[in-house]
>>> print(open('protein-v7.csv').read())   # CSV, C-alpha atoms
chain,number,residue,atom,x,y,z
A,1,MET,CA,0.0,0.0,0.0
A,2,PRO,CA,1.2,3.5,-0.7
A,3,ASP,CA,2.3,5.8,2.1
A,4,PHE,CA,3.6,9.3,2.7
A,5,SER,CA,7.2,8.5,3.3
A,6,LEU,CA,8.5,9.9,0.0
A,7,GLU,CA,6.7,13.2,0.5
A,8,ALA,CA,7.8,13.4,4.2
A,9,ALA,CA,11.4,12.8,3.3
A,10,ALA,CA,11.4,15.9,1.0
A,11,GLY,CA,11.0,18.1,4.1
A,12,ALA,CA,8.8,21.2,4.4
A,13,VAL,CA,8.2,21.8,0.7
A,14,ARG,CA,5.2,21.3,-1.7
A,15,VAL,CA,5.4,17.9,-3.2
A,16,ALA,CA,3.1,16.8,-6.1
A,17,GLY,CA,2.4,13.3,-7.2
A,18,VAL,CA,2.0,13.0,-10.9
A,19,ASP,CA,0.5,10.1,-13.0
A,20,GLU,CA,-1.2,9.5,-16.2
A,21,ALA,CA,-4.1,7.5,-17.7
A,22,GLY,CA,-4.5,6.5,-21.3
A,23,ARG,CA,-1.1,5.7,-22.8
A,24,GLY,CA,-2.2,2.3,-24.1
A,25,PRO,CA,-5.6,2.9,-25.7
A,26,LEU,CA,-6.2,3.1,-29.4
A,27,ALA,CA,-8.6,6.1,-28.9
A,28,GLY,CA,-9.1,9.2,-26.8
A,29,PRO,CA,-6.8,11.6,-25.2
A,30,VAL,CA,-4.0,10.8,-22.7
A,31,LEU,CA,-4.8,12.5,-19.4
A,32,ALA,CA,-2.5,13.4,-16.4
A,33,ALA,CA,-3.1,14.6,-12.9
A,34,ALA,CA,-1.0,16.2,-10.3
A,35,VAL,CA,-2.0,16.1,-6.6
A,36,VAL,CA,-0.4,18.0,-3.7
A,37,PHE,CA,-1.4,17.3,-0.1
A,38,ALA,CA,-1.0,20.2,2.3
A,39,ARG,CA,-0.1,17.7,5.0
A,40,ARG,CA,-0.2,13.9,5.5
A,41,PRO,CA,-3.7,12.7,4.4
A,42,PRO,CA,-5.9,11.6,7.3
A,43,ARG,CA,-6.3,7.9,7.8
A,44,GLY,CA,-9.7,7.7,6.3
A,45,LEU,CA,-8.6,9.3,3.0
A,46,ALA,CA,-5.3,7.4,2.9
A,47,ALA,CA,-7.2,4.1,3.2
A,48,LEU,CA,-9.0,4.9,-0.1
A,49,LEU,CA,-5.9,5.5,-2.1
A,50,ASP,CA,-4.0,3.0,-4.1
A,51,ASP,CA,-2.7,2.3,-7.6
A,52,SER,CA,-5.9,3.0,-9.6
A,53,LYS,CA,-5.4,-0.3,-11.5
A,54,ARG,CA,-5.9,-2.2,-8.2
A,55,LEU,CA,-9.2,-0.5,-7.4
A,56,SER,CA,-12.6,-1.3,-8.7
A,57,ALA,CA,-14.5,1.4,-10.6
A,58,ALA,CA,-16.7,2.0,-7.6
A,59,ALA,CA,-13.6,2.3,-5.3
A,60,ARG,CA,-12.0,4.8,-7.7
A,61,GLU,CA,-15.1,6.9,-7.8
A,62,ALA,CA,-15.3,7.0,-4.0
A,63,ALA,CA,-11.6,8.0,-3.7
A,64,PHE,CA,-12.1,10.6,-6.4
A,65,ALA,CA,-15.0,12.1,-4.5
A,66,ALA,CA,-13.0,12.2,-1.3
A,67,LEU,CA,-10.1,13.9,-3.1
A,68,ARG,CA,-12.4,16.5,-4.5
A,69,GLU,CA,-13.7,17.2,-1.0
A,70,ALA,CA,-10.2,17.5,0.3
A,71,ALA,CA,-9.4,20.0,-2.4
A,72,ALA,CA,-12.5,22.0,-1.7
A,73,ALA,CA,-11.5,22.1,2.0
A,74,GLY,CA,-8.0,23.3,1.2
A,75,ARG,CA,-6.3,20.1,2.2
A,76,ALA,CA,-5.2,19.1,-1.3
A,77,GLU,CA,-4.5,20.7,-4.7
A,78,ILE,CA,-5.4,19.0,-8.0
A,79,GLY,CA,-4.2,19.9,-11.4
A,80,ILE,CA,-5.4,18.3,-14.6
A,81,GLY,CA,-3.7,18.1,-18.0
A,82,ALA,CA,-4.4,16.3,-21.3
A,83,ALA,CA,-3.0,15.8,-24.7
A,84,SER,CA,-5.4,15.3,-27.6
A,85,VAL,CA,-5.4,12.7,-30.3
A,86,ALA,CA,-3.9,15.2,-32.7
A,87,GLU,CA,-1.1,15.9,-30.3
A,88,ILE,CA,-0.5,12.2,-29.8
A,89,ALA,CA,-0.2,11.8,-33.5
A,90,ARG,CA,2.1,14.8,-33.9
A,91,LEU,CA,4.4,14.1,-30.9
A,92,ASN,CA,4.2,10.4,-30.2
A,93,ILE,CA,2.5,8.9,-27.1
A,94,LEU,CA,5.5,9.3,-24.8
A,95,ARG,CA,6.0,13.0,-25.5
A,96,ALA,CA,2.3,13.7,-25.5
A,97,THR,CA,2.1,12.0,-22.1
A,98,HIS,CA,4.9,14.2,-20.8
A,99,LEU,CA,3.0,17.3,-22.2
A,100,ALA,CA,-0.1,16.3,-20.3
A,101,MET,CA,2.0,15.9,-17.1
A,102,ALA,CA,3.6,19.3,-17.5
A,103,ARG,CA,0.1,20.8,-18.1
A,104,ALA,CA,-1.2,19.1,-14.9
A,105,LEU,CA,1.7,20.5,-12.9
A,106,ALA,CA,1.2,24.0,-14.3
A,107,ARG,CA,-2.5,23.9,-13.5
A,108,LEU,CA,-2.1,23.2,-9.8
A,109,PRO,CA,-3.9,26.1,-7.9
A,110,GLY,CA,-0.7,26.9,-6.0
A,111,GLY,CA,1.5,26.9,-9.1
A,112,LEU,CA,4.4,24.6,-9.7
A,113,PRO,CA,5.4,22.6,-6.7
A,114,ASP,CA,9.0,22.4,-5.3
A,115,LEU,CA,9.2,18.7,-6.1
A,116,ALA,CA,7.2,16.5,-8.5
A,117,LEU,CA,7.2,12.7,-7.8
A,118,VAL,CA,6.4,11.2,-11.2
A,119,ASP,CA,5.3,7.7,-11.7
A,120,GLY,CA,7.6,5.8,-14.1
A,121,ASP,CA,11.2,6.1,-15.2
A,122,ARG,CA,11.2,9.1,-17.6
A,123,PRO,CA,10.7,12.7,-16.3
A,124,PRO,CA,8.6,15.1,-18.2
A,125,PRO,CA,10.5,18.1,-19.5
A,126,LEU,CA,9.3,21.3,-17.8
A,127,PRO,CA,9.6,24.8,-19.2
A,128,ALA,CA,13.0,26.4,-19.1
A,129,GLY,CA,13.4,28.2,-15.7
A,130,ALA,CA,10.8,26.2,-14.0
A,131,ARG,CA,11.7,25.9,-10.3
A,132,CYS,CA,10.4,22.4,-9.8
A,133,ALA,CA,12.6,19.4,-9.2
A,134,VAL,CA,11.4,16.1,-10.7
A,135,ARG,CA,12.0,12.7,-9.3
A,136,CYS,CA,10.9,9.5,-11.1
A,137,VAL,CA,9.4,6.8,-9.0
A,138,VAL,CA,9.0,3.4,-10.7
A,139,GLY,CA,5.8,1.8,-9.4
A,140,GLY,CA,5.1,5.1,-7.7
A,141,ASP,CA,1.3,4.7,-7.7
A,142,ALA,CA,1.8,1.7,-5.3
A,143,ARG,CA,4.4,3.6,-3.1
A,144,SER,CA,3.3,7.2,-2.8
A,145,LEU,CA,-0.1,8.5,-1.6
A,146,SER,CA,0.3,11.6,-3.8
A,147,ILE,CA,1.0,9.6,-6.9
A,148,ALA,CA,-1.8,7.1,-6.1
A,149,ALA,CA,-4.1,10.0,-5.8
A,150,ALA,CA,-3.0,11.4,-9.1
A,151,SER,CA,-3.5,8.0,-10.7
A,152,ILE,CA,-7.0,7.8,-9.5
A,153,VAL,CA,-7.9,11.4,-10.6
A,154,ALA,CA,-6.5,10.8,-14.1
A,155,LYS,CA,-8.2,7.4,-14.5
A,156,VAL,CA,-11.6,8.5,-13.3
A,157,LEU,CA,-11.6,11.7,-15.4
A,158,ARG,CA,-10.5,9.8,-18.5
A,159,ASP,CA,-13.1,7.2,-18.0
A,160,HIS,CA,-15.7,9.9,-17.7
A,161,ALA,CA,-14.5,11.4,-21.0
A,162,MET,CA,-14.6,8.0,-22.7
A,163,ARG,CA,-18.2,7.5,-21.5
A,164,ARG,CA,-19.1,10.8,-23.2
A,165,LEU,CA,-17.5,9.5,-26.4
A,166,ASP,CA,-19.5,6.3,-26.1
A,167,ALA,CA,-22.7,8.3,-26.3
A,168,ARG,CA,-21.6,10.0,-29.4
A,169,TRP,CA,-20.2,6.9,-31.1
A,170,PRO,CA,-22.4,3.9,-30.1
A,171,GLY,CA,-21.2,0.6,-31.4
A,172,TYR,CA,-17.5,0.9,-30.3
A,173,GLY,CA,-18.0,0.2,-26.6
A,174,PHE,CA,-15.9,3.1,-25.3
A,175,ALA,CA,-17.7,3.1,-22.0
A,176,ARG,CA,-16.7,-0.5,-21.4
A,177,HIS,CA,-13.0,-0.6,-22.6
A,178,ALA,CA,-12.1,3.1,-22.5
A,179,GLY,CA,-10.4,2.8,-25.9
A,180,TYR,CA,-8.1,-0.1,-24.9
A,181,PRO,CA,-7.5,-2.8,-27.6
A,182,THR,CA,-9.9,-5.4,-26.3
A,183,PRO,CA,-11.2,-8.0,-28.7
A,184,ALA,CA,-14.6,-6.3,-28.7
A,185,HIS,CA,-12.9,-2.9,-29.6
A,186,LEU,CA,-10.8,-4.5,-32.4
A,187,ALA,CA,-13.9,-6.2,-33.8
A,188,ALA,CA,-15.8,-2.9,-33.8
A,189,LEU,CA,-12.8,-1.2,-35.5
A,190,ALA,CA,-12.8,-3.8,-38.2
A,191,ARG,CA,-16.6,-3.5,-38.7
A,192,LEU,CA,-17.1,0.2,-38.4
A,193,GLY,CA,-13.8,1.8,-39.1
A,194,PRO,CA,-11.9,4.4,-37.1
A,195,THR,CA,-13.6,7.5,-35.6
A,196,PRO,CA,-11.8,10.9,-35.5
A,197,HIS,CA,-11.0,10.0,-31.9
A,198,HIS,CA,-8.9,7.0,-32.8
A,199,ARG,CA,-5.2,7.5,-32.8
A,200,PRO,CA,-3.3,7.6,-36.1
A,201,GLY,CA,-0.1,5.7,-36.0
A,202,PHE,CA,-1.4,3.0,-33.8
A,203,ALA,CA,-1.2,-0.2,-35.8
A,204,PRO,CA,-4.8,-1.5,-35.3
A,205,VAL,CA,-6.2,1.9,-36.2
A,206,ASP,CA,-4.1,2.3,-39.3
A,207,GLN,CA,-4.9,-1.3,-40.4
A,208,ALA,CA,-8.6,-0.7,-39.9
A,209,ARG,CA,-8.4,2.5,-41.9
A,210,LEU,CA,-6.7,0.9,-44.8
A,211,ALA,CA,-9.1,-2.0,-44.8
A,212,LEU,CA,-12.1,0.3,-45.4
A,213,ASP,CA,-12.9,2.4,-48.4
A,214,PRO,CA,-12.9,6.1,-47.5
A,215,PRO,CA,-16.7,6.5,-48.0
A,216,HIS,CA,-17.2,3.9,-45.3
A,217,ALA,CA,-15.1,5.5,-42.6
A,218,ALA,CA,-17.0,6.7,-39.6
A,219,VAL,CA,-18.0,10.3,-39.7
A,220,ASP,CA,-19.3,12.2,-36.7
A,221,THR,CA,-22.2,14.2,-38.1
A,222,ALA,CA,-25.5,15.4,-36.6
A,223,GLU,CA,-27.3,13.3,-39.2
A,224,SER,CA,-25.5,10.1,-38.1
A,225,ARG,CA,-26.2,10.7,-34.5
A,226,LYS,CA,-30.0,11.2,-35.2
A,227,ARG,CA,-30.2,7.5,-35.7
A,228,PHE,CA,-29.4,6.7,-32.1
>>> encode(input="protein-v7.csv", output="structure tokens")
Amino acid sequence: MPDFSLEAAAGAVRVAGVDEAGRGPLAGPVLAAAVVFARRPPRGLAALLDDSKRLSAAAREAAFAALREAAAAGRAEIGIGAASVAEIARLNILRATHLAMARALARLPGGLPDLALVDGDRPPPLPAGARCAVRCVVGGDARSLSIAAASIVAKVLRDHAMRRLDARWPGYGFARHAGYPTPAHLAALARLGPTPHHRPGFAPVDQARLALDPPHAAVDTAESRKRF
């Protein structure tokens, strides 16, 4: 279970945990979150926090609600950043993920922290002159409460975004798989073709696009949505 030891070891400075959701999917944005706790989280809140992948959807939603309450009470800060499908195609998924992380840090209500604990082994580049040290923590969402909190925020908000896409693009199952390459998603891609929210450069998406004639590719129009 994650704890607050990495944050406490940094001393009396603002420490943010940073994590992302959505590097692996074939569709949708990549989203990152940064979370700063003003002090060690109370036991009740800490008990809700873990690597988002270990939690059920209901547990993630409960933790997310508790984190929002903590932010409203001034006990935590939350920053959100995203990189779009177009940015993923232009930059590649790693650089787009780092862009989303930098945006999340920049959008913390208190500004850039003194230290960012980033899940993974590659630090996101920050703007020149940014006074924010970055430390990579492999498996950080299972070690640091701040990173675990960020992983939950990023995952929950991205899942919400994919549910909204599911309403616009029925038939792909975005609400169920969040854009990940499940068998059901791959079958829908082969049957319906890519949407504008699928990521160019990802092999299954490119293969599905090549397999279909252009007139049959999915188009998001008001007329097409009237049928549903």
>>> closest_residue(input="protein-v7.csv", among="A:Leu117, A:Ala63, A:Ile78, A:Leu210", to="A:Val18", atoms="only C-alpha atoms")
A:Leu117
>>> atom_distance(input="protein-v7.csv", atom1="atom CA of A:Leu192", atom2="atom CA of A:Trp169")
10.4 Å
>>> residues_near_point(input="protein-v7.csv", point="(13.1, 6.4, -15.9)", cutoff="12 Å", atoms="all atoms listed in the file", output="PDB file with C-alpha atoms, in the coordinates of the input")
ATOM      1  CA  LEU A 117       7.200  12.700  -7.800  1.00  0.00           C
ATOM      2  CA  VAL A 118       6.400  11.200 -11.200  1.00  0.00           C
ATOM      3  CA  ASP A 119       5.300   7.700 -11.700  1.00  0.00           C
ATOM      4  CA  GLY A 120       7.600   5.800 -14.100  1.00  0.00           C
ATOM      5  CA  ASP A 121      11.200   6.100 -15.200  1.00  0.00           C
ATOM      6  CA  ARG A 122      11.200   9.100 -17.600  1.00  0.00           C
ATOM      7  CA  PRO A 123      10.700  12.700 -16.300  1.00  0.00           C
ATOM      8  CA  PRO A 124       8.600  15.100 -18.200  1.00  0.00           C
ATOM      9  CA  VAL A 134      11.400  16.100 -10.700  1.00  0.00           C
ATOM     10  CA  ARG A 135      12.000  12.700  -9.300  1.00  0.00           C
ATOM     11  CA  CYS A 136      10.900   9.500 -11.100  1.00  0.00           C
ATOM     12  CA  VAL A 137       9.400   6.800  -9.000  1.00  0.00           C
ATOM     13  CA  VAL A 138       9.000   3.400 -10.700  1.00  0.00           C
ATOM     14  CA  GLY A 139       5.800   1.800  -9.400  1.00  0.00           C
ATOM     15  CA  GLY A 140       5.100   5.100  -7.700  1.00  0.00           C
TER      16      GLY A 140
END
>>> closest_residue(input="protein-v7.csv", among="A:Arg143, A:His197, A:Arg95, A:Arg131", to="A:Met162", atoms="all atoms listed in the file")
A:His197
>>> closest_residue(input="protein-v7.csv", among="A:Leu108, A:Leu186, A:Ala178, A:Ala10", to="A:Lys155", atoms="only C-alpha atoms")
A:Ala178
>>> residues_near_point(input="protein-v7.csv", point="(-12.5, 10.0, 1.3)", cutoff="7 Å", atoms="only C-alpha atoms", output="ChimeraX atom specification")
/A:44-45,48,62-63,65-67
>>> residues_around(input="protein-v7.csv", residues="A:Pro25", least_positions_apart="4", cutoff="7 Å", atoms="all atoms listed in the file", output="list in words")
Gly179, Tyr180 and Pro181 of chain A
>>> residues_around(input="protein-v7.csv", residues="A:Asp3", least_positions_apart="3", cutoff="12 Å", atoms="only C-alpha atoms", output="PyMOL selection string")
chain A and resi 6-9+17+40-43+45-51+140-149
>>> atom_distance(input="protein-v7.csv", atom1="atom CA of A:Gly173", atom2="atom CA of A:Arg90")
25.9 Å
>>> closest_residue(input="protein-v7.csv", among="A:Ala104, A:Ala175, A:Ala187, A:Ala89", to="A:Arg163", atoms="all atoms listed in the file")
A:Ala175
>>> closest_residue(input="protein-v7.csv", among="A:Ala32, A:Ala73, A:Val205, A:Met101", to="A:Pro125", atoms="all atoms listed in the file")
A:Met101
>>> residues_around(input="protein-v7.csv", residues="A:Ala100", least_positions_apart="2", cutoff="9 Å", atoms="only C-alpha atoms", output="list in words")
Glu20, Val30, Leu31, Ala32, Ala33, Ile80, Gly81, Ala82, Ala83, Arg95, Ala96, Thr97, His98, Ala102, Arg103, Ala104 and Leu105 of chain A
>>> atom_distance(input="protein-v7.csv", atom1="atom CA of A:Gly74", atom2="atom CA of A:Ala133")
23.4 Å
>>> closest_residue(input="protein-v7.csv", among="A:Phe64, A:Cys132, A:Ala106, A:Leu91", to="A:Val13", atoms="all atoms listed in the file")
A:Cys132
